[in-house]
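With TSV, C-alpha atoms inside, this is query25.tsv:
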chain	number	residue	atom	x	y	z
A	28	ALA	CA	38.49	45.54	31.00
A	29	LEU	CA	40.32	42.82	32.95
A	30	ILE	CA	37.59	40.19	32.73
A	31	ASN	CA	36.34	40.91	29.20
A	32	GLY	CA	38.54	39.45	26.47
A	33	THR	CA	42.05	38.22	27.23
A	34	ASP	CA	43.71	41.19	28.95
A	35	GLY	CA	43.65	39.76	32.46
A	36	MET	CA	44.80	36.28	31.55
A	37	LEU	CA	47.48	37.77	29.28
A	38	GLY	CA	48.83	39.88	32.14
A	39	MET	CA	48.91	36.83	34.38
A	40	LEU	CA	50.70	34.84	31.66
A	41	VAL	CA	53.38	37.49	31.18
A	42	LEU	CA	54.03	37.64	34.93
A	43	ALA	CA	54.11	33.83	35.17
A	44	CYS	CA	56.58	33.56	32.28
A	45	ALA	CA	58.95	36.03	33.92
A	46	ASP	CA	58.78	34.23	37.26
A	47	LEU	CA	59.19	30.77	35.75
A	48	ARG	CA	62.17	31.86	33.66
A	49	ARG	CA	63.94	32.85	36.90
A	50	LEU	CA	62.81	29.71	38.72
A	51	LEU	CA	64.13	27.46	35.96
A	52	ARG	CA	67.62	28.92	36.27
A	53	THR	CA	67.37	28.62	40.04
A	54	ALA	CA	66.25	25.01	39.69
A	55	ASP	CA	69.44	24.26	37.78
A	56	VAL	CA	71.45	25.79	40.63
A	57	VAL	CA	69.63	23.64	43.19
A	58	VAL	CA	70.02	20.52	41.05
A	59	ALA	CA	73.76	21.15	40.84
A	60	MET	CA	73.94	21.30	44.63
A	61	SER	CA	72.01	18.03	44.90
A	62	VAL	CA	74.01	16.17	42.25
A	63	GLU	CA	77.18	17.27	44.00
A	64	ALA	CA	76.09	16.40	47.54
A	65	LEU	CA	74.67	13.02	46.46
A	66	LEU	CA	77.98	12.14	44.79
A	67	GLY	CA	76.38	12.04	41.37
A	68	THR	CA	78.26	12.27	38.10
A	69	ASP	CA	78.40	15.22	35.76
A	70	ALA	CA	79.59	13.05	32.87
A	71	VAL	CA	76.00	12.66	31.65
A	72	PHE	CA	75.79	16.43	31.11
A	73	ALA	CA	78.52	16.36	28.45
A	74	PRO	CA	77.71	18.42	25.33
A	75	ASP	CA	78.04	15.52	22.89
A	76	LEU	CA	75.61	13.36	24.87
A	77	GLN	CA	73.09	16.19	25.12
A	78	ALA	CA	73.41	16.92	21.39
A	79	LEU	CA	72.11	13.42	20.61
A	80	ARG	CA	68.68	14.79	21.52
A	81	PRO	CA	68.67	18.32	20.14
A	82	HIS	CA	66.08	20.06	22.28
A	83	PRO	CA	67.29	23.61	22.94
A	84	GLY	CA	66.08	23.79	26.54
A	85	GLN	CA	67.85	20.56	27.42
A	86	ALA	CA	71.13	21.90	26.03
A	87	GLU	CA	70.75	25.09	28.07
A	88	SER	CA	70.09	23.26	31.32
A	89	ALA	CA	72.99	20.86	30.82
A	90	ALA	CA	75.32	23.76	30.03
A	91	ASN	CA	74.25	25.43	33.27
A	92	LEU	CA	74.98	22.28	35.25
A	93	ARG	CA	78.44	21.93	33.74
A	94	VAL	CA	79.52	25.43	34.73
A	95	LEU	CA	77.88	25.23	38.15
A	96	LEU	CA	79.72	22.01	39.03
A	97	ALA	CA	83.11	23.04	37.66
A	98	GLY	CA	85.94	22.99	40.17
A	99	SER	CA	84.20	20.85	42.79
A	100	GLU	CA	86.38	18.82	45.13
A	101	VAL	CA	83.31	16.78	46.02
A	102	MET	CA	82.82	15.76	42.38
A	103	ALA	CA	86.52	15.04	41.92
A	104	SER	CA	86.59	12.83	45.02
A	105	HIS	CA	84.70	9.98	43.36
A	106	ARG	CA	86.11	10.17	39.83
A	107	THR	CA	88.20	7.13	40.62
A	108	PRO	CA	88.19	3.42	39.73
A	109	GLU	CA	86.89	2.76	43.23
A	110	CYS	CA	83.56	4.34	42.31
A	111	THR	CA	81.53	1.43	40.94
A	112	ARG	CA	78.14	3.09	40.52
A	113	VAL	CA	76.94	2.53	36.95
A	114	GLN	CA	74.50	5.43	36.71
A	115	ASP	CA	72.57	7.90	38.82
A	116	ALA	CA	68.85	7.90	39.51
A	117	TYR	CA	66.61	9.66	37.02
A	118	SER	CA	66.05	12.65	39.32
A	119	LEU	CA	69.76	13.46	38.95
A	120	ARG	CA	70.68	12.07	35.56
A	121	CYS	CA	67.63	13.35	33.69
A	122	ALA	CA	67.47	16.83	35.18
A	123	PRO	CA	68.42	18.57	31.88
A	124	GLN	CA	65.76	16.61	30.03
A	125	VAL	CA	62.99	17.63	32.44
A	126	HIS	CA	64.21	21.18	33.06
A	127	GLY	CA	64.78	21.51	29.32
A	128	ALA	CA	61.28	20.35	28.46
A	129	ALA	CA	59.93	22.95	30.88
A	130	ARG	CA	62.11	25.60	29.20
A	131	ASP	CA	60.81	24.68	25.76
A	132	THR	CA	57.22	24.77	27.04
A	133	LEU	CA	57.92	28.19	28.51
A	134	SER	CA	59.38	29.38	25.20
A	135	HIS	CA	56.16	28.37	23.47
A	136	ALA	CA	54.14	30.22	26.11
A	137	GLU	CA	56.29	33.33	25.62
A	138	LEU	CA	55.71	33.09	21.86
A	139	VAL	CA	51.95	33.01	22.43
A	140	ALA	CA	52.18	35.90	24.89
A	141	GLY	CA	54.16	37.95	22.38
A	142	ARG	CA	51.58	37.39	19.68
A	143	GLU	CA	48.76	38.30	22.04
A	144	LEU	CA	50.52	41.50	23.10
A	145	SER	CA	50.39	42.53	19.43
A	146	ALA	CA	46.76	41.46	18.98
A	147	ALA	CA	43.48	43.35	18.72
A	148	ILE	CA	40.83	41.46	20.67
A	149	ASP	CA	37.99	43.98	20.63
A	150	ASN	CA	34.51	42.90	19.59
A	151	PRO	CA	33.24	44.56	17.55
A	152	VAL	CA	36.47	45.75	16.01
A	153	VAL	CA	37.05	48.88	13.97
A	154	THR	CA	39.27	47.92	11.02
A	155	GLU	CA	41.86	50.14	9.42
A	156	ASP	CA	39.52	50.89	6.52
A	157	GLY	CA	36.78	52.02	8.92
A	158	ARG	CA	34.52	48.96	9.02
A	159	VAL	CA	32.90	47.87	12.29
A	160	GLU	CA	32.89	44.07	12.36
A	161	SER	CA	31.88	41.37	14.80
A	162	ASN	CA	34.61	38.77	15.38
A	163	GLY	CA	35.82	36.04	17.74
A	164	ASN	CA	39.30	37.30	18.58
A	165	PHE	CA	38.34	37.75	22.23
A	166	HIS	CA	38.35	33.98	22.81
A	167	GLY	CA	41.03	32.99	25.33
A	168	ALA	CA	41.88	29.49	24.08
A	169	PRO	CA	45.47	30.31	22.97
A	170	LEU	CA	46.23	31.68	26.43
A	171	GLY	CA	44.23	29.11	28.39
A	172	TYR	CA	46.14	26.29	26.74
A	173	VAL	CA	49.62	27.60	27.52
A	174	LEU	CA	48.64	28.58	31.06
A	175	ASP	CA	47.63	24.96	31.57
A	176	PHE	CA	50.77	23.69	29.83
A	177	LEU	CA	52.92	25.68	32.24
A	178	ALA	CA	51.07	24.30	35.28
A	179	ILE	CA	51.94	20.79	34.10
A	180	ALA	CA	55.62	21.68	33.72
A	181	VAL	CA	55.68	23.37	37.13
A	182	ALA	CA	54.19	20.31	38.82
A	183	ASP	CA	56.74	18.03	37.20
A	184	LEU	CA	59.68	20.26	38.15
A	185	ALA	CA	58.53	20.22	41.76
A	186	SER	CA	57.95	16.48	41.73
A	187	MET	CA	61.51	15.85	40.57
A	188	SER	CA	62.87	18.23	43.20
A	189	GLU	CA	61.03	16.37	45.97
A	190	ARG	CA	62.51	13.07	44.78
A	191	ARG	CA	66.05	14.45	45.10
A	192	THR	CA	65.33	15.74	48.60
A	193	ASP	CA	63.99	12.35	49.61
A	194	ARG	CA	67.20	10.68	48.43
A	195	PHE	CA	69.20	12.79	50.86
A	196	LEU	CA	67.27	11.36	53.80
A	197	ASP	CA	67.57	7.64	53.03
A	198	VAL	CA	70.80	5.90	54.07
A	199	ALA	CA	70.25	3.33	51.32
A	200	ARG	CA	70.51	6.08	48.69
A	201	ASN	CA	72.38	9.08	50.11
A	202	GLN	CA	75.91	7.78	49.66
A	203	GLY	CA	77.11	7.69	53.23
A	204	LEU	CA	75.26	10.60	54.81
A	205	PRO	CA	73.45	10.14	58.14
A	206	ALA	CA	69.78	9.16	58.15
A	207	PHE	CA	67.55	12.19	57.50
A	208	LEU	CA	70.74	14.30	57.61
A	209	ALA	CA	70.22	14.26	61.36
A	210	ASP	CA	72.91	15.20	63.86
A	211	ASP	CA	71.95	12.20	65.99
A	212	PRO	CA	69.93	9.75	63.87
A	213	GLY	CA	67.24	7.99	65.83
A	214	VAL	CA	66.96	10.89	68.25
A	215	ASP	CA	66.88	13.88	65.90
A	216	SER	CA	64.49	14.23	62.96
A	217	GLY	CA	66.91	16.12	60.73
A	218	HIS	CA	65.14	17.22	57.56
A	219	MET	CA	62.42	14.58	57.65
A	220	ILE	CA	59.63	17.13	58.14
A	221	ALA	CA	61.07	19.39	55.43
A	222	GLN	CA	60.49	16.59	52.93
A	223	TYR	CA	56.95	16.18	54.29
A	224	THR	CA	56.41	19.82	53.40
A	225	GLN	CA	57.54	19.19	49.85
A	226	ALA	CA	55.40	16.09	49.52
A	227	SER	CA	52.24	17.92	50.54
A	228	ILE	CA	52.94	20.78	48.13
A	229	VAL	CA	53.69	18.43	45.25
A	230	ALA	CA	50.43	16.61	45.88
A	231	GLU	CA	48.60	19.93	45.55
A	232	LEU	CA	50.56	20.86	42.41
A	233	LYS	CA	49.41	17.67	40.74
A	234	ARG	CA	45.83	18.76	41.31
A	235	LEU	CA	46.61	22.26	40.03
A	236	ALA	CA	48.06	20.69	36.87
A	237	VAL	CA	44.61	19.41	35.87
A	238	PRO	CA	43.73	21.64	32.90
A	239	ALA	CA	41.08	24.30	33.26
A	240	SER	CA	40.88	24.91	29.51
A	241	VAL	CA	39.08	21.63	28.82
A	242	ASP	CA	36.15	22.88	30.86
A	243	SER	CA	33.45	25.27	29.68
A	244	ILE	CA	30.38	26.69	31.40
A	245	PRO	CA	27.94	28.20	28.86
A	246	THR	CA	26.44	31.61	29.66
A	247	SER	CA	24.29	34.31	28.08
A	248	ALA	CA	21.39	32.07	27.02
A	249	MET	CA	23.84	29.78	25.17
A	250	GLN	CA	25.19	32.63	23.02
A	251	GLU	CA	28.48	32.29	24.90
A	252	ASP	CA	28.35	28.51	24.66
A	253	HIS	CA	32.09	27.79	24.72
A	254	VAL	CA	34.56	29.71	26.89
A	255	SER	CA	38.28	29.29	27.52
A	256	MET	CA	38.38	29.24	31.32
A	257	GLY	CA	41.68	31.08	30.92
A	258	TRP	CA	41.24	33.08	34.11
A	259	ALA	CA	40.91	29.86	36.09
A	260	ALA	CA	44.04	28.53	34.39
A	261	ALA	CA	45.90	31.75	35.21
A	262	ARG	CA	44.86	31.75	38.87
A	263	LYS	CA	45.88	28.16	39.49
A	264	LEU	CA	49.19	28.68	37.69
A	265	ARG	CA	50.00	31.49	40.12
A	266	ARG	CA	49.36	29.12	43.03
A	267	ALA	CA	51.50	26.48	41.33
A	268	LEU	CA	54.44	28.86	40.93
A	269	GLU	CA	54.27	29.70	44.63
A	270	GLY	CA	54.35	25.98	45.40
A	271	LEU	CA	57.35	25.36	43.13
A	272	THR	CA	59.20	28.22	44.80
A	273	ARG	CA	58.69	26.63	48.21
A	274	VAL	CA	59.66	23.15	46.99
A	275	LEU	CA	62.91	24.46	45.50
A	276	GLY	CA	63.61	26.33	48.73
A	277	VAL	CA	63.38	23.10	50.71
A	278	GLU	CA	65.70	21.31	48.30
A	279	LEU	CA	68.19	24.18	48.52
A	280	LEU	CA	68.10	24.01	52.32
A	281	THR	CA	68.60	20.24	52.32
A	282	ALA	CA	71.32	20.17	49.67
A	283	ALA	CA	73.26	22.90	51.50
A	284	ARG	CA	73.17	20.84	54.72
A	285	ALA	CA	74.40	17.78	52.83
A	286	LEU	CA	77.23	19.75	51.21
A	287	ASP	CA	78.36	20.83	54.66
A	288	MET	CA	78.36	17.18	55.72
A	289	ARG	CA	80.69	16.34	52.81
A	290	GLY	CA	83.39	18.48	54.42
A	291	PRO	CA	86.30	18.93	54.40
A	292	LEU	CA	85.81	18.47	50.64
A	293	ALA	CA	84.97	21.84	49.10
A	294	PRO	CA	81.94	22.29	46.84
A	295	ALA	CA	82.20	23.98	43.47
A	296	PRO	CA	82.71	27.73	43.75
A	297	ALA	CA	79.21	28.44	42.41
A	298	THR	CA	77.36	26.03	44.69
A	299	ALA	CA	79.52	27.12	47.63
A	300	ALA	CA	78.46	30.71	47.00
A	301	VAL	CA	74.80	29.73	47.25
A	302	ARG	CA	75.44	27.67	50.38
A	303	ASP	CA	77.37	30.56	51.93
A	304	ARG	CA	74.57	33.02	51.16
A	305	LEU	CA	72.15	30.74	52.97
A	306	ARG	CA	74.54	30.43	55.90
A	307	VAL	CA	74.38	34.20	56.47
A	308	GLU	CA	70.89	33.60	57.89
A	309	VAL	CA	70.63	29.84	58.50
A	310	ALA	CA	73.10	27.92	60.61
A	311	GLY	CA	74.79	24.78	59.36
A	312	PRO	CA	74.21	21.20	60.53
A	313	GLY	CA	73.41	20.69	64.19
A	314	THR	CA	70.85	19.28	66.56
A	315	ASP	CA	67.14	19.56	65.85
A	316	ARG	CA	65.64	23.03	65.71
A	317	TRP	CA	62.49	24.70	64.38
A	318	LEU	CA	62.67	24.32	60.59
A	319	ALA	CA	59.89	26.68	59.52
A	320	PRO	CA	61.97	29.89	59.72
A	321	GLU	CA	64.84	28.21	57.89
A	322	ILE	CA	62.52	26.99	55.14
A	323	ASP	CA	61.05	30.48	54.86
A	324	THR	CA	64.54	31.96	54.48
A	325	ALA	CA	65.48	29.50	51.75
A	326	VAL	CA	62.18	30.14	49.97
A	327	ARG	CA	62.83	33.89	50.10
A	328	LEU	CA	66.29	33.40	48.56
A	329	VAL	CA	64.66	31.48	45.70
A	330	ASP	CA	61.73	33.87	45.27
A	331	SER	CA	63.82	37.05	45.36
A	332	GLY	CA	66.45	35.66	43.02
A	333	GLU	CA	69.19	36.01	45.65
A	334	ALA	CA	70.19	32.34	45.36
A	335	LEU	CA	70.50	32.73	41.61
A	336	VAL	CA	72.51	35.94	41.98
A	337	ALA	CA	74.92	34.19	44.33
A	338	ALA	CA	75.63	31.47	41.77
A	339	GLU	CA	75.83	33.88	38.85
A	340	SER	CA	78.28	36.07	40.75
A	341	VAL	CA	80.74	33.21	40.26
A	342	VAL	CA	79.89	31.76	36.83
A	343	GLY	CA	78.17	34.66	35.08
A	344	PRO	CA	74.63	34.68	33.68
A	345	LEU	CA	73.02	31.27	33.37
A	346	ARG	CA	70.92	30.35	30.37

Would you write the structure of this file as structure tokens?
Amino acid sequence: ALINGTDGMLGMLVLACADLRRLLRTADVVVAMSVEALLGTDAVFAPDLQALRPHPGQAESAANLRVLLAGSEVMASHRTPECTRVQDAYSLRCAPQVHGAARDTLSHAELVAGRELSAAIDNPVVTEDGRVESNGNFHGAPLGYVLDFLAIAVADLASMSERRTDRFLDVARNQGLPAFLADDPGVDSGHMIAQYTQASIVAELKRLAVPASVDSIPTSAMQEDHVSMGWAAARKLRRALEGLTRVLGVELLTAARALDMRGPLAPAPATAAVRDRLRVEVAGPGTDRWLAPEIDTAVRLVDSGEALVAAESVVGPLR
């Protein structure tokens, strides 16, 4: 029953949609931490600027960023005439546009999943008036396409996250933080290897974004001469979501370290709550130590939704 028709790929799509919906809200939380710690501006997230391009997902992401950054001493510290930066890098400034596009792609996937949940895909099918008819409703193309669409969005979200992490490590771009966020630059590695981890995952996600649904291997003496490859699309999307989760965990870990280094300026209450939740299990800045357990902890906070819960405990449900 799982491999005949669309039941298996539909189940995988429904699970992926639920996981990605949570990860998108978490990604906004992590972006807020990075914008804050990199001394970015929140002016670009203003409602009137976002309304100039009326994509619903973009508006939702920008609204999340506004509430997450509210009340930040770090943000307030550079809202002065002395700040001469004209505009932030794309990975900060365009976060609502990318996260919003992923949201809108997800909404389309959820629409397709909803239709499929109401569908009859049997072949032959017994109609309401008692006829037994052959049909093609078992074909998985509608699901294969959106499973592939989501893998593309996931890869792009992770790619943007890795770019923000990389900015933290470069003294030419991190707005006064030490090289690699190291305690003793030149001796300590800081978070250099954490960014390596992201880079390797993002490289794999780009390969997983190659669509499966454009492929077809004929079977059954050419009777089944065009198939959806939806199961392949579903399986690689699951791997992609696991990769995105880990990439966001690394960014969370790095942004939290950078926020600590901005002290004594206080982060926004929402981003501080996420940083403080991480600090229950991961120590703040210090000399080099084994990063793998710390990365695993941050990944678990993303995967379980605990990072999101920490932020929402301050600002309420995000969109």

- prompt: From the set A:Leu96, A:Ala146, A:Val62, A:Val139, which residue has the shortest atom-to-atom contact distance to A:Ala285, counting all atoms listed in the file?
  reply: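 Looking only at the distances to A:Ala285, the closest residue turns out to be A:Val62.
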
- request: Measuring atom to atom with only C-alpha atoms, identify which of A:Glu308, A:Glu278, A:Asp156, A:Glu100 is nearest to A:Ser186.
  value: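 Under the stated criterion, the closest residue is A:Glu278.
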
message: With distances taken over only C-alpha atoms, which residue among A:His253, A:His105, A:Lys233, A:Arg346 lies nearest A:Gly167?
response: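 Checking each candidate against A:Gly167, we get A:His253 as the closest.
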
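Between atom CA of A:Leu286 and atom CA of A:Arg306 the separation is 12.0 Å.
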
task: Counting only C-alpha atoms, figure out which residue out of A:Gly171, A:Pro320, A:Gly270, A:Gly276 gets nearest to A:Thr192.
output: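 Counting only C-alpha atoms, the residue closest to A:Thr192 is A:Gly276.
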
field: Neighbour list for A:His166 as a ChimeraX atom specification, cut-off 10 Å, all atoms listed in the file, skip fewer than 5 positions in-chain
entry: /A:31-33,148,171,253-257

- line: Pairwise distance, atom CA of A:His135 with atom CA of A:Val173, equals 7.7 Å

message: Please report the interatomic distance between atom CA of A:Leu345 and atom CA of A:Arg93 in Å with one decimal.
response: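 Atom CA of A:Arg93 lies at a distance of 10.8 Å from atom CA of A:Leu345.
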
task: Fewer than 2 positions away in the same chain doesn't count, so skip those; otherwise give me all residues within 9 Å of A:Ala282, counting all atoms listed in the file, as JSON, numbers by chain.
output: {"A": [57, 58, 60, 61, 62, 63, 64, 65, 192, 195, 277, 278, 279, 280, 284, 285, 286, 287, 302]}

Sorted by chain and rising residue number, which residues of stretch 205-307 of chain A lie within 9 Å of stretch 323-339 of chain A, and what are their closest atom pairs and distances in Å to one decimal, counting all atoms listed in the file, as a tab-separated table?
residue	atom	partner	partner_atom	distance
A:Glu269	CA	A:Asp330	CA	8.6
A:Thr272	CA	A:Asp330	CA	6.2
A:Arg273	CA	A:Val326	CA	5.3
A:Val274	CA	A:Val326	CA	8.0
A:Leu275	CA	A:Val329	CA	7.2
A:Gly276	CA	A:Val326	CA	4.3
A:Val277	CA	A:Ala325	CA	6.8
A:Glu278	CA	A:Ala325	CA	8.9
A:Leu279	CA	A:Ala325	CA	6.8
A:Leu280	CA	A:Ala325	CA	6.1
A:Pro296	CA	A:Ala338	CA	8.2
A:Ala297	CA	A:Ala338	CA	4.7
A:Thr298	CA	A:Ala338	CA	6.4
A:Ala299	CA	A:Ala338	CA	8.3
A:Ala300	CA	A:Ala337	CA	5.6
A:Val301	CA	A:Ala337	CA	5.3
A:Arg302	CA	A:Ala334	CA	8.6
A:Asp303	CA	A:Ala337	CA	8.8
A:Arg304	CA	A:Ala337	CA	6.9
A:Leu305	CA	A:Ala325	CA	6.9

Generate N, CA and C atoms for stretch 98-117 of chain A and emit them as a PDB file, in the frame of the given file.
ATOM      1  N   GLY A  98      85.023  22.686  39.078  1.00  0.00           N
ATOM      2  CA  GLY A  98      85.940  22.990  40.170  1.00  0.00           C
ATOM      3  C   GLY A  98      85.547  22.415  41.511  1.00  0.00           C
ATOM      4  N   SER A  99      84.676  21.423  41.524  1.00  0.00           N
ATOM      5  CA  SER A  99      84.200  20.850  42.790  1.00  0.00           C
ATOM      6  C   SER A  99      85.127  19.749  43.284  1.00  0.00           C
ATOM      7  N   GLU A 100      85.616  19.892  44.510  1.00  0.00           N
ATOM      8  CA  GLU A 100      86.380  18.820  45.130  1.00  0.00           C
ATOM      9  C   GLU A 100      85.497  17.618  45.431  1.00  0.00           C
ATOM     10  N   VAL A 101      84.233  17.875  45.738  1.00  0.00           N
ATOM     11  CA  VAL A 101      83.310  16.780  46.020  1.00  0.00           C
ATOM     12  C   VAL A 101      83.148  15.910  44.779  1.00  0.00           C
ATOM     13  N   MET A 102      82.963  16.533  43.625  1.00  0.00           N
ATOM     14  CA  MET A 102      82.820  15.760  42.380  1.00  0.00           C
ATOM     15  C   MET A 102      84.103  15.011  42.063  1.00  0.00           C
ATOM     16  N   ALA A 103      85.233  15.674  42.247  1.00  0.00           N
ATOM     17  CA  ALA A 103      86.520  15.040  41.920  1.00  0.00           C
ATOM     18  C   ALA A 103      86.815  13.855  42.832  1.00  0.00           C
ATOM     19  N   SER A 104      86.256  13.853  44.033  1.00  0.00           N
ATOM     20  CA  SER A 104      86.590  12.830  45.020  1.00  0.00           C
ATOM     21  C   SER A 104      86.154  11.425  44.606  1.00  0.00           C
ATOM     22  N   HIS A 105      85.170  11.320  43.740  1.00  0.00           N
ATOM     23  CA  HIS A 105      84.700   9.980  43.360  1.00  0.00           C
ATOM     24  C   HIS A 105      84.862   9.716  41.864  1.00  0.00           C
ATOM     25  N   ARG A 106      85.738  10.490  41.209  1.00  0.00           N
ATOM     26  CA  ARG A 106      86.110  10.170  39.830  1.00  0.00           C
ATOM     27  C   ARG A 106      87.311   9.229  39.843  1.00  0.00           C
ATOM     28  N   THR A 107      87.113   8.083  40.445  1.00  0.00           N
ATOM     29  CA  THR A 107      88.200   7.130  40.620  1.00  0.00           C
ATOM     30  C   THR A 107      87.697   5.734  40.275  1.00  0.00           C
ATOM     31  N   PRO A 108      88.616   4.799  40.015  1.00  0.00           N
ATOM     32  CA  PRO A 108      88.190   3.420  39.730  1.00  0.00           C
ATOM     33  C   PRO A 108      87.416   2.786  40.881  1.00  0.00           C
ATOM     34  N   GLU A 109      87.600   3.321  42.093  1.00  0.00           N
ATOM     35  CA  GLU A 109      86.890   2.760  43.230  1.00  0.00           C
ATOM     36  C   GLU A 109      85.387   3.034  43.195  1.00  0.00           C
ATOM     37  N   CYS A 110      84.982   4.023  42.437  1.00  0.00           N
ATOM     38  CA  CYS A 110      83.560   4.340  42.310  1.00  0.00           C
ATOM     39  C   CYS A 110      82.929   3.381  41.308  1.00  0.00           C
ATOM     40  N   THR A 111      82.086   2.490  41.791  1.00  0.00           N
ATOM     41  CA  THR A 111      81.530   1.430  40.940  1.00  0.00           C
ATOM     42  C   THR A 111      80.087   1.672  40.527  1.00  0.00           C
ATOM     43  N   ARG A 112      79.536   2.824  40.891  1.00  0.00           N
ATOM     44  CA  ARG A 112      78.140   3.090  40.520  1.00  0.00           C
ATOM     45  C   ARG A 112      78.026   3.241  39.009  1.00  0.00           C
ATOM     46  N   VAL A 113      77.084   2.519  38.416  1.00  0.00           N
ATOM     47  CA  VAL A 113      76.940   2.530  36.950  1.00  0.00           C
ATOM     48  C   VAL A 113      76.282   3.821  36.488  1.00  0.00           C
ATOM     49  N   GLN A 114      75.205   4.226  37.137  1.00  0.00           N
ATOM     50  CA  GLN A 114      74.500   5.430  36.710  1.00  0.00           C
ATOM     51  C   GLN A 114      73.618   5.946  37.844  1.00  0.00           C
ATOM     52  N   ASP A 115      73.365   7.252  37.780  1.00  0.00           N
ATOM     53  CA  ASP A 115      72.570   7.900  38.820  1.00  0.00           C
ATOM     54  C   ASP A 115      71.076   7.680  38.589  1.00  0.00           C
ATOM     55  N   ALA A 116      70.315   7.942  39.624  1.00  0.00           N
ATOM     56  CA  ALA A 116      68.850   7.900  39.510  1.00  0.00           C
ATOM     57  C   ALA A 116      68.365   8.957  38.523  1.00  0.00           C
ATOM     58  N   TYR A 117      67.179   8.756  38.022  1.00  0.00           N
ATOM     59  CA  TYR A 117      66.610   9.660  37.020  1.00  0.00           C
ATOM     60  C   TYR A 117      66.557  11.108  37.517  1.00  0.00           C
TER      61      TYR A 117
END
